[in-house]
file start.cif (mmCIF, C-alpha atoms and all ligand atoms)
data_target
loop_
_atom_site.label_atom_id
_atom_site.label_comp_id
_atom_site.auth_asym_id
_atom_site.auth_seq_id
_atom_site.Cartn_x
_atom_site.Cartn_y
_atom_site.Cartn_z
CA MET A 1 -9.72 -4.80 4.35
CA THR A 2 -9.86 -6.31 0.84
CA TYR A 3 -7.07 -8.47 -0.54
CA LYS A 4 -6.00 -5.69 -2.89
CA GLU A 5 -5.89 -3.15 -0.07
CA TYR A 6 -3.89 -5.59 2.02
CA ILE A 7 -1.23 -6.06 -0.67
CA THR A 8 -0.89 -2.30 -1.18
CA LYS A 9 -0.54 -1.63 2.56
CA CYS A 10 1.76 -4.55 3.28
CA LYS A 11 4.13 -3.49 0.48
CA LYS A 12 4.60 -0.15 2.26
CA CYS A 13 5.45 -1.69 5.64
CA LYS A 14 8.62 -0.59 7.39
CA SER A 15 7.83 -2.02 10.83
CA CYS A 16 11.08 -3.91 11.31
CA ARG A 17 14.75 -3.83 10.34
CA LEU A 18 14.31 -6.42 7.57
CA ARG A 19 12.81 -3.83 5.26
CA LYS A 20 16.06 -1.83 5.26
CA SER A 21 18.12 -4.62 3.66
CA ALA A 22 15.34 -6.16 1.53
CA THR A 23 14.62 -5.04 -2.02
CA GLN A 24 10.89 -5.22 -1.48
CA VAL A 25 8.13 -6.67 0.70
CA VAL A 26 6.84 -10.05 -0.52
CA PRO A 27 3.30 -10.31 0.90
CA GLY A 28 2.11 -13.52 -0.77
CA ASP A 29 0.99 -15.12 -4.00
CA GLY A 30 -1.67 -17.45 -5.30
CA ASN A 31 -5.41 -17.68 -5.22
CA PRO A 32 -6.91 -15.31 -2.61
CA LYS A 33 -9.99 -17.54 -2.55
CA ALA A 34 -7.97 -20.70 -1.90
CA GLU A 35 -8.94 -23.08 0.87
CA ILE A 36 -5.32 -24.10 1.38
CA MET A 37 -2.63 -21.74 2.63
CA PHE A 38 1.07 -22.63 2.65
CA ILE A 39 3.15 -20.67 5.15
CA GLY A 40 6.93 -20.75 4.83
CA GLU A 41 9.74 -18.95 6.60
CA ALA A 42 10.97 -15.89 4.69
CA PRO A 43 11.71 -14.71 1.15
CA GLY A 44 15.10 -15.73 -0.25
CA ALA A 45 17.21 -14.00 -2.92
CA SER A 46 14.95 -14.87 -5.90
CA GLU A 47 11.80 -13.96 -3.98
CA ASP A 48 13.34 -10.66 -2.86
CA LYS A 49 14.17 -9.86 -6.49
CA GLU A 50 10.87 -10.97 -8.05
CA GLY A 51 8.47 -10.05 -5.23
CA ILE A 52 6.89 -13.54 -5.38
CA PRO A 53 7.20 -16.13 -2.60
CA PHE A 54 8.69 -19.52 -3.47
CA CYS A 55 9.78 -18.56 -6.98
CA GLY A 56 13.36 -19.90 -6.70
CA ALA A 57 14.73 -23.44 -6.42
CA ALA A 58 12.71 -24.22 -3.26
CA GLY A 59 9.61 -22.95 -5.08
CA LYS A 60 10.25 -25.36 -7.97
CA PHE A 61 10.31 -28.24 -5.51
CA LEU A 62 7.15 -26.91 -3.85
CA GLU A 63 5.45 -26.97 -7.27
CA GLU A 64 6.66 -30.57 -7.69
CA MET A 65 5.18 -31.40 -4.28
CA LEU A 66 1.87 -29.83 -5.33
CA ALA A 67 1.87 -31.65 -8.67
CA SER A 68 2.45 -34.96 -6.86
CA ILE A 69 -1.08 -34.65 -5.43
CA ASP A 70 -2.63 -33.02 -8.52
CA LEU A 71 -2.51 -29.43 -7.28
CA LYS A 72 -1.08 -26.28 -8.85
CA ARG A 73 0.03 -22.97 -7.37
CA GLU A 74 -3.24 -21.46 -8.59
CA ASN A 75 -5.14 -23.81 -6.26
CA VAL A 76 -3.44 -22.53 -3.10
CA PHE A 77 -2.18 -19.36 -1.45
CA ILE A 78 1.48 -19.05 -0.43
CA THR A 79 3.07 -16.68 2.07
CA ASN A 80 5.85 -16.53 4.66
CA ILE A 81 6.09 -15.82 8.38
CA VAL A 82 8.20 -12.73 7.61
CA LYS A 83 7.56 -10.90 4.37
CA CYS A 84 10.97 -9.31 3.84
CA ARG A 85 14.21 -11.21 3.15
CA PRO A 86 16.54 -11.55 6.14
CA PRO A 87 20.10 -10.57 5.15
CA GLY A 88 22.10 -13.52 3.81
CA ASN A 89 19.02 -15.74 4.28
CA ARG A 90 19.63 -15.94 8.02
CA ASP A 91 16.83 -17.14 10.30
CA PRO A 92 14.22 -14.49 11.11
CA GLN A 93 14.60 -13.19 14.65
CA ASP A 94 11.88 -13.20 17.31
CA ASP A 95 11.21 -9.46 17.17
CA GLU A 96 11.00 -9.57 13.35
CA ILE A 97 8.50 -12.45 13.49
CA LYS A 98 6.49 -10.53 16.08
CA ALA A 99 6.54 -7.37 13.96
CA CYS A 100 5.28 -9.27 10.92
CA LYS A 101 2.64 -11.28 12.78
CA PRO A 102 -0.19 -8.74 12.18
CA TRP A 103 0.37 -9.07 8.43
CA THR A 104 0.12 -12.86 8.53
CA ASN A 105 -2.94 -12.71 10.78
CA GLU A 106 -4.68 -10.17 8.55
CA LEU A 107 -3.94 -12.31 5.50
CA ILE A 108 -5.47 -15.34 7.22
CA LYS A 109 -8.54 -13.23 8.02
CA ILE A 110 -8.89 -12.21 4.35
CA ILE A 111 -8.17 -15.61 2.71
CA ARG A 112 -9.93 -17.65 5.42
CA PRO A 113 -8.23 -20.95 4.51
CA LYS A 114 -9.56 -24.20 5.90
CA VAL A 115 -6.24 -26.03 5.67
CA PHE A 116 -2.81 -24.67 6.58
CA ILE A 117 0.43 -26.27 5.45
CA LEU A 118 3.17 -25.15 7.80
CA LEU A 119 6.50 -25.35 6.01
CA GLY A 120 9.36 -25.54 8.49
CA ARG A 121 9.78 -24.84 12.18
CA PHE A 122 9.10 -21.08 12.09
CA ALA A 123 5.67 -21.50 10.51
CA MET A 124 4.95 -24.46 12.81
CA ALA A 125 5.91 -22.42 15.90
CA LYS A 126 3.27 -19.79 15.09
CA PHE A 127 0.51 -22.32 15.79
CA PHE A 128 2.26 -25.07 17.75
CA PRO A 129 5.18 -23.62 19.68
CA SER A 130 5.80 -26.79 21.70
CA PHE A 131 5.95 -29.16 18.70
CA LYS A 132 9.17 -30.66 17.37
CA ILE A 133 9.14 -30.84 13.59
CA SER A 134 11.03 -34.15 13.46
CA GLN A 135 8.16 -35.72 15.43
CA VAL A 136 5.15 -34.11 13.71
CA HIS A 137 6.05 -33.66 10.03
CA GLY A 138 3.55 -35.31 7.72
CA LYS A 139 0.84 -35.25 10.41
CA ALA A 140 -2.41 -33.29 10.42
CA TYR A 141 -3.97 -31.56 13.42
CA LYS A 142 -7.37 -30.02 13.89
CA LYS A 143 -7.54 -26.94 16.08
CA TRP A 144 -10.16 -24.18 16.15
CA ASP A 145 -12.00 -25.91 13.27
CA ARG A 146 -9.01 -25.56 11.01
CA VAL A 147 -6.67 -28.28 9.84
CA PHE A 148 -2.91 -27.84 10.08
CA VAL A 149 -0.34 -30.04 8.36
CA VAL A 150 3.29 -29.72 9.40
CA MET A 151 6.01 -30.30 6.81
CA TYR A 152 9.70 -29.63 6.43
CA HIS A 153 10.60 -26.52 4.47
CA PRO A 154 11.17 -27.37 0.75
CA ALA A 155 14.64 -25.76 0.96
CA VAL A 156 15.70 -28.63 3.24
CA ALA A 157 15.40 -31.01 0.26
CA LEU A 158 17.81 -28.82 -1.72
CA TYR A 159 20.52 -29.26 0.88
CA ASN A 160 19.78 -32.87 1.75
CA GLY A 161 18.39 -34.97 -1.11
CA SER A 162 17.18 -37.71 1.24
CA PHE A 163 14.43 -35.34 2.43
CA ARG A 164 12.84 -35.23 -1.03
CA GLU A 165 11.12 -38.60 -0.63
CA VAL A 166 10.11 -37.79 2.96
CA MET A 167 8.46 -34.57 1.85
CA LEU A 168 6.72 -36.11 -1.15
CA ALA A 169 5.39 -38.82 1.18
CA ASP A 170 4.27 -36.16 3.68
CA MET A 171 2.27 -34.41 0.94
CA LYS A 172 0.03 -37.46 0.62
CA ILE A 173 -1.76 -36.53 3.83
CA LEU A 174 -2.96 -33.32 2.18
CA ARG A 175 -4.50 -35.34 -0.63
CA GLU A 176 -6.21 -37.58 1.96
CA ILE A 177 -7.63 -34.51 3.73
CA LEU A 178 -8.84 -33.02 0.45
CA ASP A 179 -10.47 -36.36 -0.35
CA GLY A 180 -12.36 -36.17 2.94
CA LYS A 181 -10.45 -38.82 4.87
CA GLN A 182 -10.93 -37.40 8.36
CA ASP A 183 -9.19 -40.38 10.03
CA SER A 184 -5.83 -38.87 9.11
CA ILE A 185 -6.47 -35.84 11.33
CA ASN A 186 -5.46 -35.66 15.01
CA VAL A 187 -7.96 -33.57 16.92
CA LEU A 188 -6.27 -31.49 19.57
CA ASP A 189 -8.20 -31.11 22.79
CA ILE A 190 -8.12 -27.62 24.15
CA PRO A 191 -9.18 -27.46 27.82
CA LYS A 192 -12.17 -25.14 28.37
CA SER A 193 -10.21 -23.20 30.98
CA ASP A 194 -7.66 -22.44 28.26
CA ILE A 195 -10.26 -21.19 25.82
CA LYS A 196 -11.25 -18.14 27.89
CA THR A 197 -7.62 -17.17 28.51
CA ARG A 198 -6.74 -17.62 24.86
CA LEU A 199 -9.74 -15.62 23.69
CA GLU A 200 -8.82 -12.75 26.01
CA LYS A 201 -5.19 -12.91 24.88
CA ARG A 202 -6.31 -13.03 21.25
CA ARG A 203 -8.60 -9.99 21.70
CA GLU A 204 -5.71 -8.03 23.21
CA GLU A 205 -3.39 -9.11 20.34
CA LYS A 206 -6.04 -8.15 17.82
CA ARG A 207 -6.37 -4.68 19.33
CA LYS A 208 -2.59 -4.22 19.02
CA GLU A 209 -2.51 -5.61 15.46
CA ASN A 210 -5.32 -3.35 14.33
CA SER A 211 -3.63 -0.31 15.79
CA GLN A 212 -0.32 -1.32 14.12
CA ILE A 213 -1.91 -1.83 10.70
CA GLY A 214 -3.98 1.33 11.22
CA ILE A 215 -0.84 3.35 11.86
CA LEU A 216 0.62 2.07 8.62
CA SER A 217 -2.39 3.08 6.54
S1 LIG B 301 7.05 -6.34 9.61
FE1 LIG B 301 7.09 -7.81 7.90
S2 LIG B 301 6.48 -6.63 6.10
FE2 LIG B 301 7.03 -5.17 7.71
S3 LIG B 301 9.18 -4.68 7.34
FE3 LIG B 301 9.15 -6.39 8.81
S4 LIG B 301 9.26 -8.27 7.59
FE4 LIG B 301 8.73 -6.57 6.20
#
call {"tool": "encode", "arguments": {"input": "start.cif", "output": "structure tokens"}}
result
Amino acid sequence: MTYKEYITKCKKCKSCRLRKSATQVVPGDGNPKAEIMFIGEAPGASEDKEGIPFCGAAGKFLEEMLASIDLKRENVFITNIVKCRPPGNRDPQDDEIKACKPWTNELIKIIRPKVFILLGRFAMAKFFPSFKISQVHGKAYKKWDRVFVVMYHPAVALYNGSFREVMLADMKILREILDGKQDSINVLDIPKSDIKTRLEKRREEKRKENSQIGILS
């Protein structure tokens, strides 16, 4: 599937209840050839209205975070774990995250980023379900030849100003990675016995995702 085809198909999705209350699907924004992908939680009111992720107050702070390490939105790709706004900005529920997972996975397949910035606990849980964000924010992990950096969600800084400095400091690790400083990265060991199980599980998930996206086409 091409990026353009993906956007067209994703915008038509009605796979979960979130689409009923949302104005529109917000698939993602940025450079589809980017090597860095930011994954947040869900669209908010501004994003729901404009159809662009991180275009409200949290988005402004995200742009400030990017600028602090000499990056712009055009250098990265930005999406969310769920692509429709939960009513009243509530947390996305497990079944909604599961329903939207094929869209995130397909996007990753198309963009093929080398570095993921996981903004907040929902994005972190997709890749590292056992992690606690208070313990791992600002740290980088290498898994499956990809690098993952965990950060607090930019919206946190809007509610609690003391997080601003923490998050700007956490961004520095991304600059170090981009500058080739591999020492900053924790390499996660995955036992070989786990690899086979995970590959089988992944193949099964992929079959389901393909059939779900196929049904939508
Ligand atoms: S699965 Fe994702 S894109 Fe589809 S309706 Fe639900 S939140 Fe929206």
call {"tool": "axis_aligned_box", "arguments": {"input": "start.cif", "around": "ligand LIG 301 (chain B)", "padding_each_side": "4 Å", "output": "lines of an AutoDock Vina configuration file"}}
result
center_x = 7.9
center_y = -6.5
center_z = 7.9
size_x = 10.8
size_y = 11.6
size_z = 11.5
call {"tool": "closest_residue", "arguments": {"input": "start.cif", "among": "A:Ser162, A:Ser211, A:Asn31, A:Thr8", "to": "Arg112 in chain A", "atoms": "only C-alpha atoms"}}
result
A:Asn31
call {"tool": "atom_distance", "arguments": {"input": "start.cif", "atom1": "CA of Gln93 in chain A", "atom2": "CA of Glu106 in chain A"}}
result
20.4 Å
call {"tool": "atom_distance", "arguments": {"input": "start.cif", "atom1": "CA of Val26 in chain A", "atom2": "CA of Ala67 in chain A"}}
result
23.6 Å
call {"tool": "atom_distance", "arguments": {"input": "start.cif", "atom1": "CA of Arg19 in chain A", "atom2": "CA of Ile117 in chain A"}}
result
25.6 Å
call {"tool": "residues_around", "arguments": {"input": "start.cif", "residues": "Ala22 in chain A", "least_positions_apart": "4", "cutoff": "12 Å", "atoms": "only C-alpha atoms", "output": "list in words"}}
result
Lys11, Cys13, Lys14, Cys16, Arg17, Leu18, Val26, Ala42, Pro43, Gly44, Ala45, Ser46, Glu47, Asp48, Lys49, Glu50, Gly51, Val82, Lys83, Cys84, Arg85, Pro86, Pro87, Gly88 and Asn89 of chain A
call {"tool": "write_last_selection", "arguments": {"input": "start.cif", "atoms": "C-alpha atoms", "output": "PDB file, in the coordinates of the input"}}
result
ATOM      1  CA  LYS A  11       4.130  -3.490   0.480  1.00  0.00           C
ATOM      2  CA  CYS A  13       5.450  -1.690   5.640  1.00  0.00           C
ATOM      3  CA  LYS A  14       8.620  -0.590   7.390  1.00  0.00           C
ATOM      4  CA  CYS A  16      11.080  -3.910  11.310  1.00  0.00           C
ATOM      5  CA  ARG A  17      14.750  -3.830  10.340  1.00  0.00           C
ATOM      6  CA  LEU A  18      14.310  -6.420   7.570  1.00  0.00           C
ATOM      7  CA  VAL A  26       6.840 -10.050  -0.520  1.00  0.00           C
ATOM      8  CA  ALA A  42      10.970 -15.890   4.690  1.00  0.00           C
ATOM      9  CA  PRO A  43      11.710 -14.710   1.150  1.00  0.00           C
ATOM     10  CA  GLY A  44      15.100 -15.730  -0.250  1.00  0.00           C
ATOM     11  CA  ALA A  45      17.210 -14.000  -2.920  1.00  0.00           C
ATOM     12  CA  SER A  46      14.950 -14.870  -5.900  1.00  0.00           C
ATOM     13  CA  GLU A  47      11.800 -13.960  -3.980  1.00  0.00           C
ATOM     14  CA  ASP A  48      13.340 -10.660  -2.860  1.00  0.00           C
ATOM     15  CA  LYS A  49      14.170  -9.860  -6.490  1.00  0.00           C
ATOM     16  CA  GLU A  50      10.870 -10.970  -8.050  1.00  0.00           C
ATOM     17  CA  GLY A  51       8.470 -10.050  -5.230  1.00  0.00           C
ATOM     18  CA  VAL A  82       8.200 -12.730   7.610  1.00  0.00           C
ATOM     19  CA  LYS A  83       7.560 -10.900   4.370  1.00  0.00           C
ATOM     20  CA  CYS A  84      10.970  -9.310   3.840  1.00  0.00           C
ATOM     21  CA  ARG A  85      14.210 -11.210   3.150  1.00  0.00           C
ATOM     22  CA  PRO A  86      16.540 -11.550   6.140  1.00  0.00           C
ATOM     23  CA  PRO A  87      20.100 -10.570   5.150  1.00  0.00           C
ATOM     24  CA  GLY A  88      22.100 -13.520   3.810  1.00  0.00           C
ATOM     25  CA  ASN A  89      19.020 -15.740   4.280  1.00  0.00           C
TER      26      ASN A  89
END
call {"tool": "closest_residue", "arguments": {"input": "start.cif", "among": "A:Val156, A:Gly40, A:Gly56, A:Ile97", "to": "Thr79 in chain A", "atoms": "all atoms listed in the file"}}
result
A:Gly40
call {"tool": "closest_residue", "arguments": {"input": "start.cif", "among": "A:Met124, A:Lys60, A:Leu188, A:Pro32", "to": "Trp144 in chain A", "atoms": "all atoms listed in the file"}}
result
A:Leu188
call {"tool": "closest_residue", "arguments": {"input": "start.cif", "among": "A:Phe163, A:Phe54, A:Phe38, A:Phe122", "to": "Val147 in chain A", "atoms": "only C-alpha atoms"}}
result
A:Phe38
call {"tool": "closest_residue", "arguments": {"input": "start.cif", "among": "A:Lys181, A:Arg146, A:Lys132, A:Arg202", "to": "Phe116 in chain A", "atoms": "all atoms listed in the file"}}
result
A:Arg146
call {"tool": "closest_residue", "arguments": {"input": "start.cif", "among": "A:Ser68, A:Thr2, A:Ser134, A:Asn105", "to": "ligand LIG 301 (chain B)", "atoms": "all atoms listed in the file"}}
result
A:Asn105
call {"tool": "residues_around", "arguments": {"input": "start.cif", "residues": "Ile173 in chain A", "least_positions_apart": "6", "cutoff": "9 Å", "atoms": "all atoms listed in the file", "output": "PyMOL selection string"}}
result
chain A and resi 138-140+149+184-185
call {"tool": "write_last_selection", "arguments": {"input": "start.cif", "atoms": "C-alpha atoms", "output": "PDB file, keeping the file's coordinate frame"}}
result
ATOM      1  CA  GLY A 138       3.550 -35.310   7.720  1.00  0.00           C
ATOM      2  CA  LYS A 139       0.840 -35.250  10.410  1.00  0.00           C
ATOM      3  CA  ALA A 140      -2.410 -33.290  10.420  1.00  0.00           C
ATOM      4  CA  VAL A 149      -0.340 -30.040   8.360  1.00  0.00           C
ATOM      5  CA  SER A 184      -5.830 -38.870   9.110  1.00  0.00           C
ATOM      6  CA  ILE A 185      -6.470 -35.840  11.330  1.00  0.00           C
TER       7      ILE A 185
END
call {"tool": "residues_around", "arguments": {"input": "start.cif", "residues": "Arg73 in chain A", "least_positions_apart": "2", "cutoff": "12 Å", "atoms": "all atoms listed in the file", "output": "PDB file with C-alpha atoms, keeping the file's coordinate frame"}}
result
ATOM      1  CA  GLY A  28       2.110 -13.520  -0.770  1.00  0.00           C
ATOM      2  CA  ASP A  29       0.990 -15.120  -4.000  1.00  0.00           C
ATOM      3  CA  GLY A  30      -1.670 -17.450  -5.300  1.00  0.00           C
ATOM      4  CA  ASN A  31      -5.410 -17.680  -5.220  1.00  0.00           C
ATOM      5  CA  PRO A  32      -6.910 -15.310  -2.610  1.00  0.00           C
ATOM      6  CA  ALA A  34      -7.970 -20.700  -1.900  1.00  0.00           C
ATOM      7  CA  ILE A  36      -5.320 -24.100   1.380  1.00  0.00           C
ATOM      8  CA  MET A  37      -2.630 -21.740   2.630  1.00  0.00           C
ATOM      9  CA  PHE A  38       1.070 -22.630   2.650  1.00  0.00           C
ATOM     10  CA  ILE A  52       6.890 -13.540  -5.380  1.00  0.00           C
ATOM     11  CA  PRO A  53       7.200 -16.130  -2.600  1.00  0.00           C
ATOM     12  CA  PHE A  54       8.690 -19.520  -3.470  1.00  0.00           C
ATOM     13  CA  CYS A  55       9.780 -18.560  -6.980  1.00  0.00           C
ATOM     14  CA  GLY A  59       9.610 -22.950  -5.080  1.00  0.00           C
ATOM     15  CA  LYS A  60      10.250 -25.360  -7.970  1.00  0.00           C
ATOM     16  CA  PHE A  61      10.310 -28.240  -5.510  1.00  0.00           C
ATOM     17  CA  LEU A  62       7.150 -26.910  -3.850  1.00  0.00           C
ATOM     18  CA  GLU A  63       5.450 -26.970  -7.270  1.00  0.00           C
ATOM     19  CA  GLU A  64       6.660 -30.570  -7.690  1.00  0.00           C
ATOM     20  CA  MET A  65       5.180 -31.400  -4.280  1.00  0.00           C
ATOM     21  CA  LEU A  66       1.870 -29.830  -5.330  1.00  0.00           C
ATOM     22  CA  ALA A  67       1.870 -31.650  -8.670  1.00  0.00           C
ATOM     23  CA  ILE A  69      -1.080 -34.650  -5.430  1.00  0.00           C
ATOM     24  CA  ASP A  70      -2.630 -33.020  -8.520  1.00  0.00           C
ATOM     25  CA  LEU A  71      -2.510 -29.430  -7.280  1.00  0.00           C
ATOM     26  CA  ASN A  75      -5.140 -23.810  -6.260  1.00  0.00           C
ATOM     27  CA  VAL A  76      -3.440 -22.530  -3.100  1.00  0.00           C
ATOM     28  CA  PHE A  77      -2.180 -19.360  -1.450  1.00  0.00           C
ATOM     29  CA  ILE A  78       1.480 -19.050  -0.430  1.00  0.00           C
ATOM     30  CA  THR A  79       3.070 -16.680   2.070  1.00  0.00           C
TER      31      THR A  79
END
call {"tool": "residues_around", "arguments": {"input": "start.cif", "residues": "Glu41 in chain A", "least_positions_apart": "3", "cutoff": "8 Å", "atoms": "only C-alpha atoms", "output": "list of chain:residue names"}}
result
A:Asn80, A:Ile81, A:Val82, A:Pro92, A:Leu119, A:Gly120, A:Phe122, A:Ala123, A:His153
call {"tool": "residues_near_point", "arguments": {"input": "start.cif", "point": "(-1.6, -8.5, 7.1)", "cutoff": "10 Å", "atoms": "only C-alpha atoms", "output": "ChimeraX atom specification"}}
result
/A:1,3,5-7,9-10,13,27,83,100-110,209-210,213
call {"tool": "build_atoms", "arguments": {"input": "start.cif", "residues": "range 16-42 of chain A", "atoms": "N, CA and C atoms", "output": "PDB file, in the frame of the given file"}}
result
ATOM      1  N   CYS A  16       9.905  -3.294  10.673  1.00  0.00           N
ATOM      2  CA  CYS A  16      11.080  -3.910  11.310  1.00  0.00           C
ATOM      3  C   CYS A  16      12.309  -3.714  10.438  1.00  0.00           C
ATOM      4  N   ARG A  17      13.462  -4.089  11.001  1.00  0.00           N
ATOM      5  CA  ARG A  17      14.750  -3.830  10.340  1.00  0.00           C
ATOM      6  C   ARG A  17      14.913  -4.563   9.013  1.00  0.00           C
ATOM      7  N   LEU A  18      14.131  -5.636   8.803  1.00  0.00           N
ATOM      8  CA  LEU A  18      14.310  -6.420   7.570  1.00  0.00           C
ATOM      9  C   LEU A  18      14.045  -5.601   6.315  1.00  0.00           C
ATOM     10  N   ARG A  19      13.158  -4.606   6.450  1.00  0.00           N
ATOM     11  CA  ARG A  19      12.810  -3.830   5.260  1.00  0.00           C
ATOM     12  C   ARG A  19      14.003  -3.026   4.737  1.00  0.00           C
ATOM     13  N   LYS A  20      14.918  -2.666   5.666  1.00  0.00           N
ATOM     14  CA  LYS A  20      16.060  -1.830   5.260  1.00  0.00           C
ATOM     15  C   LYS A  20      16.986  -2.572   4.288  1.00  0.00           C
ATOM     16  N   SER A  21      17.192  -3.872   4.523  1.00  0.00           N
ATOM     17  CA  SER A  21      18.120  -4.620   3.660  1.00  0.00           C
ATOM     18  C   SER A  21      17.405  -5.318   2.503  1.00  0.00           C
ATOM     19  N   ALA A  22      16.074  -5.461   2.599  1.00  0.00           N
ATOM     20  CA  ALA A  22      15.340  -6.160   1.530  1.00  0.00           C
ATOM     21  C   ALA A  22      15.077  -5.223   0.350  1.00  0.00           C
ATOM     22  N   THR A  23      14.961  -5.822  -0.832  1.00  0.00           N
ATOM     23  CA  THR A  23      14.620  -5.040  -2.020  1.00  0.00           C
ATOM     24  C   THR A  23      13.166  -4.598  -1.977  1.00  0.00           C
ATOM     25  N   GLN A  24      12.319  -5.520  -1.521  1.00  0.00           N
ATOM     26  CA  GLN A  24      10.890  -5.220  -1.480  1.00  0.00           C
ATOM     27  C   GLN A  24      10.188  -6.163  -0.495  1.00  0.00           C
ATOM     28  N   VAL A  25       8.972  -5.798  -0.131  1.00  0.00           N
ATOM     29  CA  VAL A  25       8.130  -6.670   0.700  1.00  0.00           C
ATOM     30  C   VAL A  25       7.499  -7.721  -0.209  1.00  0.00           C
ATOM     31  N   VAL A  26       7.441  -8.959   0.265  1.00  0.00           N
ATOM     32  CA  VAL A  26       6.840 -10.050  -0.520  1.00  0.00           C
ATOM     33  C   VAL A  26       5.628 -10.576   0.254  1.00  0.00           C
ATOM     34  N   PRO A  27       4.451  -9.966   0.055  1.00  0.00           N
ATOM     35  CA  PRO A  27       3.300 -10.310   0.900  1.00  0.00           C
ATOM     36  C   PRO A  27       2.767 -11.741   0.719  1.00  0.00           C
ATOM     37  N   GLY A  28       2.676 -12.190  -0.543  1.00  0.00           N
ATOM     38  CA  GLY A  28       2.110 -13.520  -0.770  1.00  0.00           C
ATOM     39  C   GLY A  28       1.724 -13.662  -2.230  1.00  0.00           C
ATOM     40  N   ASP A  29       1.330 -14.874  -2.600  1.00  0.00           N
ATOM     41  CA  ASP A  29       0.990 -15.120  -4.000  1.00  0.00           C
ATOM     42  C   ASP A  29       0.040 -16.318  -4.079  1.00  0.00           C
ATOM     43  N   GLY A  30      -0.779 -16.309  -5.097  1.00  0.00           N
ATOM     44  CA  GLY A  30      -1.670 -17.450  -5.300  1.00  0.00           C
ATOM     45  C   GLY A  30      -3.109 -16.998  -5.392  1.00  0.00           C
ATOM     46  N   ASN A  31      -3.982 -17.927  -5.101  1.00  0.00           N
ATOM     47  CA  ASN A  31      -5.410 -17.680  -5.220  1.00  0.00           C
ATOM     48  C   ASN A  31      -5.965 -17.131  -3.897  1.00  0.00           C
ATOM     49  N   PRO A  32      -6.402 -15.867  -3.881  1.00  0.00           N
ATOM     50  CA  PRO A  32      -6.910 -15.310  -2.610  1.00  0.00           C
ATOM     51  C   PRO A  32      -8.210 -15.947  -2.132  1.00  0.00           C
ATOM     52  N   LYS A  33      -8.779 -16.818  -2.979  1.00  0.00           N
ATOM     53  CA  LYS A  33      -9.990 -17.540  -2.550  1.00  0.00           C
ATOM     54  C   LYS A  33      -9.667 -19.001  -2.208  1.00  0.00           C
ATOM     55  N   ALA A  34      -8.388 -19.309  -2.125  1.00  0.00           N
ATOM     56  CA  ALA A  34      -7.970 -20.700  -1.900  1.00  0.00           C
ATOM     57  C   ALA A  34      -8.391 -21.190  -0.516  1.00  0.00           C
ATOM     58  N   GLU A  35      -8.612 -22.486  -0.429  1.00  0.00           N
ATOM     59  CA  GLU A  35      -8.940 -23.080   0.870  1.00  0.00           C
ATOM     60  C   GLU A  35      -7.684 -23.604   1.557  1.00  0.00           C
ATOM     61  N   ILE A  36      -6.573 -23.580   0.818  1.00  0.00           N
ATOM     62  CA  ILE A  36      -5.320 -24.100   1.380  1.00  0.00           C
ATOM     63  C   ILE A  36      -4.283 -22.976   1.391  1.00  0.00           C
ATOM     64  N   MET A  37      -3.686 -22.749   2.549  1.00  0.00           N
ATOM     65  CA  MET A  37      -2.630 -21.740   2.630  1.00  0.00           C
ATOM     66  C   MET A  37      -1.318 -22.390   3.072  1.00  0.00           C
ATOM     67  N   PHE A  38      -0.272 -22.178   2.281  1.00  0.00           N
ATOM     68  CA  PHE A  38       1.070 -22.630   2.650  1.00  0.00           C
ATOM     69  C   PHE A  38       1.782 -21.456   3.329  1.00  0.00           C
ATOM     70  N   ILE A  39       2.386 -21.717   4.461  1.00  0.00           N
ATOM     71  CA  ILE A  39       3.150 -20.670   5.150  1.00  0.00           C
ATOM     72  C   ILE A  39       4.593 -21.156   5.320  1.00  0.00           C
ATOM     73  N   GLY A  40       5.511 -20.404   4.727  1.00  0.00           N
ATOM     74  CA  GLY A  40       6.930 -20.750   4.830  1.00  0.00           C
ATOM     75  C   GLY A  40       7.634 -19.856   5.839  1.00  0.00           C
ATOM     76  N   GLU A  41       8.935 -19.677   5.620  1.00  0.00           N
ATOM     77  CA  GLU A  41       9.740 -18.950   6.600  1.00  0.00           C
ATOM     78  C   GLU A  41       9.945 -17.481   6.214  1.00  0.00           C
ATOM     79  N   ALA A  42      10.630 -17.257   5.091  1.00  0.00           N
ATOM     80  CA  ALA A  42      10.970 -15.890   4.690  1.00  0.00           C
ATOM     81  C   ALA A  42      11.352 -15.899   3.208  1.00  0.00           C
TER      82      ALA A  42
END
